[in-house]
Amino acid sequence: MTTTKNNYLFGLIAFVVMIVVNFGLWRLFFAPSNGVFKLFTPMYGLSLAAFYFYAVILVADVFGWKNDTGNVAKGIAPLITSGVVFLVLYYVFFWNILGTYGITYFSPQAQIATGGTGLEIWNARENSSLAILFVVTALIWVTMIWNVGFGDSPWDGLKKSTVGFSKFFATAFISIIFYAIFFHPNITALFLPKQIFAGVLPWWEGMAMTASSFYHLGWMFAGLFVIMFLNDCVDGFPFNLFRNEERSGSWIGAIVALVVSVVGGYILMYIAEAVMSYYWFEPFTGGNYTDDPRFRHVHTAEIAAFFMLALMIVKVFFNNVFQPANRWLAAIVRLVVVSAVGMLIYFFYYSETLGPKFVDRVPGIGNLDDTSLCWTIMSMAIILAYDKFFNAFPIRK
Amino acid sequence: MERRSFLKAMGATAAGVGAAATIGAPSKAFARGKEDIGECKSLKITVLTETSWFDNDQFKKDIVDYGGASSNQYDTPWDPKNAGGYSTLLEIEQLDGTVNKLLLDTGWSNEWMDYVYDRHGIDKMIASKEIDTMVISHWHLDHFWGIESTLKHNDKIKIYGPETMFPEDEKLLYGGRLEAKGQLICKNDVPFKGELVKTNPKEYYKLYPGVAVKEFDVPILLRVRGENIIYVNVKDKGIVTVTGCCHPGLLTLYSTARREIKGGENIYGCYGGLHISLFENWDPKMDDIIKGAKAFNPKKMGCNHCTGWVWAENAAKAGLPIVKGTDTFKTYPRQSAVAKDNNVFLTNGDTVVF
């Protein structure tokens, strides 16, 4: 938890500025009707937002390039670097290297070149975007678990670049395995005939009522919220039990983080989907909108993302609001505050008037062409960059 | 524990806590008794036109070039040469032998719709008030922008349309010309003067015995919201859904019928666009729909338009009762670029009786 002094008035001002920046960036890049580039198609925009979010994590938390000072100028270089990393990885590595010379589905042009059923620029780009979104989801999930469990261990004390590259390759390697198991079978089922020699048929279909990997997106995002909450609002408990002055983490800490994330994610997903079933009845295989199991799963991820965004707002702009000596009292109060703010964002986004006008969407719920994840993740990326690269200037003194 | 049972148990305990966690009131949880929409003897469908556009690639290009699936349909300068339209004639035979004629949708291109109406004598039926009611399934361009072709034969025809209209929809309906990027994209020089019944999702609008319209308030691509579905209850057979695009999802319509309509447990079939593989692509979701549809055990499925030939082919292979069409569509002056000889679509000029 931060021990720096926090100025709540500046926090409020910075929050309002963030809203303006958010609106401007959304209108510039994503807004589907009144935007400039209209990248929210939806998967293309969503994958871009998620990838930039990962790029900020990569620069700040993996390579440790953060700005801990009040000097705003020092944040410009890592900010630009995060943008360059994002563009190079997304367009050069995935589209033009991996997709062109290795795995067809990462490149829209490579898919189109196959002449397969339905593979023109729109579908092909959506397919690639979905695959990249799944890869980056695995990367974010593994990296955040690694950071709270391992920290910089076992490379504590080494040069930042050594630690950064070591963590990057370790997390990327593990992410590839998780991607292959949880997401790759969905992508290979996007094509006719199904690419059964490249990927197994989705093995989770029986329990998820769908072949879609949105099932895994649901519990992973819910698990990320659990990890973030424990790390940012409960002093990193219980992961901090496995750290000491010499080591910023350990194997046991990482395993605990993994278990907490998986179990916590599943529990939250069950609760969220039970509530959805109460309101919208049971979903069924092949249903649409709120009847669609895919929507229920991705809506769990959407809700988790709203709560993660709420957590970041409360932490970055309002210093977690409440600073009692008792950790558990603080945790309970923060949980209540974060939940309340998360629900406010939920109601804002799905309202009939204000939210749809702000994010330029048709009111309503359950449209998979209009997932809230894109806007939420973009919002989180903005706050994360502001926090890590600009030390939340001028809030912290 | 089975996942479903677990969810139910969790739902019971979490419901109170989660009351604030969802939007609106749990209205469905307090659903009223089943709706009695009556019965009819039979339903005959004539596919006036299901080719909303002729070239899929051009239509997709227009969407991609101007912002993607969530862009506003009125902001795109659509290729006028690609415009066709969707429109269907329903002939409902009542138990006493009388026949009611009902029009579903009015297409896109006025030129195309004028040809289609003339070919099937729809223009004369509208003018003579043999057809006095039209259901607009939703406000998409290919279902609504050809409104002038209908109104010029009777500007007082009764219309049922989703209440979720946008201002541009109202402007076109009541007479107007709309442009995008300096190009005229739709026009109606015959202002509507009849009764517009704005449908909402709370009601069943009973048109004739055995026929009801229900609106599903769902957000739809190209900045459209809400779709009207026609439920027909055919005596001794069961429920047939007639749809424009079926954005809410066929199985959701079936599920709603089972839950809310008297006799809705007997699902007989469907006709219309099913909005599954609009652009002939594939997704695991489409496998889900095939599996889910089998669970409802429909007897007769007539599909076309935005269903996707690829889905209809795979559904037929999987054993779903897809009604095959004929080659009549080849006698129309234009055909869809994705039409195939296997006729898994009911195409232009085909008929089907439920």
# chains A, B, ... in the order shown; residues from 1 in each chain; ligands from 1
$ residues_around --residues "Gly107 of chain B" --least-positions-apart "3" --cutoff "7 Å" --atoms "only C-alpha atoms" --output "PDB file with C-alpha atoms, in the first residue's frame"
ATOM      1  CA  GLY B  84     -32.311  -5.679 -52.631  1.00  0.00           C
ATOM      2  CA  GLY B  85     -34.640  -6.266 -49.728  1.00  0.00           C
ATOM      3  CA  TYR B  86     -36.414  -8.638 -47.388  1.00  0.00           C
ATOM      4  CA  SER B  87     -40.178  -9.108 -47.491  1.00  0.00           C
ATOM      5  CA  MET B 113     -39.351  -3.926 -54.188  1.00  0.00           C
ATOM      6  CA  ASP B 142     -32.962  -4.015 -45.818  1.00  0.00           C
ATOM      7  CA  HIS B 143     -36.271  -4.476 -43.986  1.00  0.00           C
ATOM      8  CA  PHE B 144     -37.504  -0.912 -43.831  1.00  0.00           C
ATOM      9  CA  TRP B 145     -35.897   1.507 -46.277  1.00  0.00           C
ATOM     10  CA  GLY B 146     -38.150   0.324 -49.119  1.00  0.00           C
TER      11      GLY B 146
END
$ select_by_dssp --residues "segment 200-387 of chain A" --states "alpha helix (DSSP H)" --output "ChimeraX atom specification"
/A:205-208,214-233,251-280,293-318,327-349,354-359,373-387
$ residues_around --residues "Asn391 of chain A" --least-positions-apart "4" --cutoff "7 Å" --atoms "only C-alpha atoms" --output "list in words"
Asn67, Asp68, Thr69, Gly70, Tyr386 and Asp387 of chain A
$ residues_around --residues "Val72 of chain A" --least-positions-apart "6" --cutoff "10 Å" --atoms "only C-alpha atoms" --output "ChimeraX atom specification"
/A:386,389-394
$ closest_residue --among "A:Arg294, A:His184, A:His216, A:Lys388" --to "chain B" --atoms "only C-alpha atoms"
A:Arg294
$ atom_distance --atom1 "atom CA of Val116 of chain B" --atom2 "atom CA of Thr49 of chain B"
7.0 Å
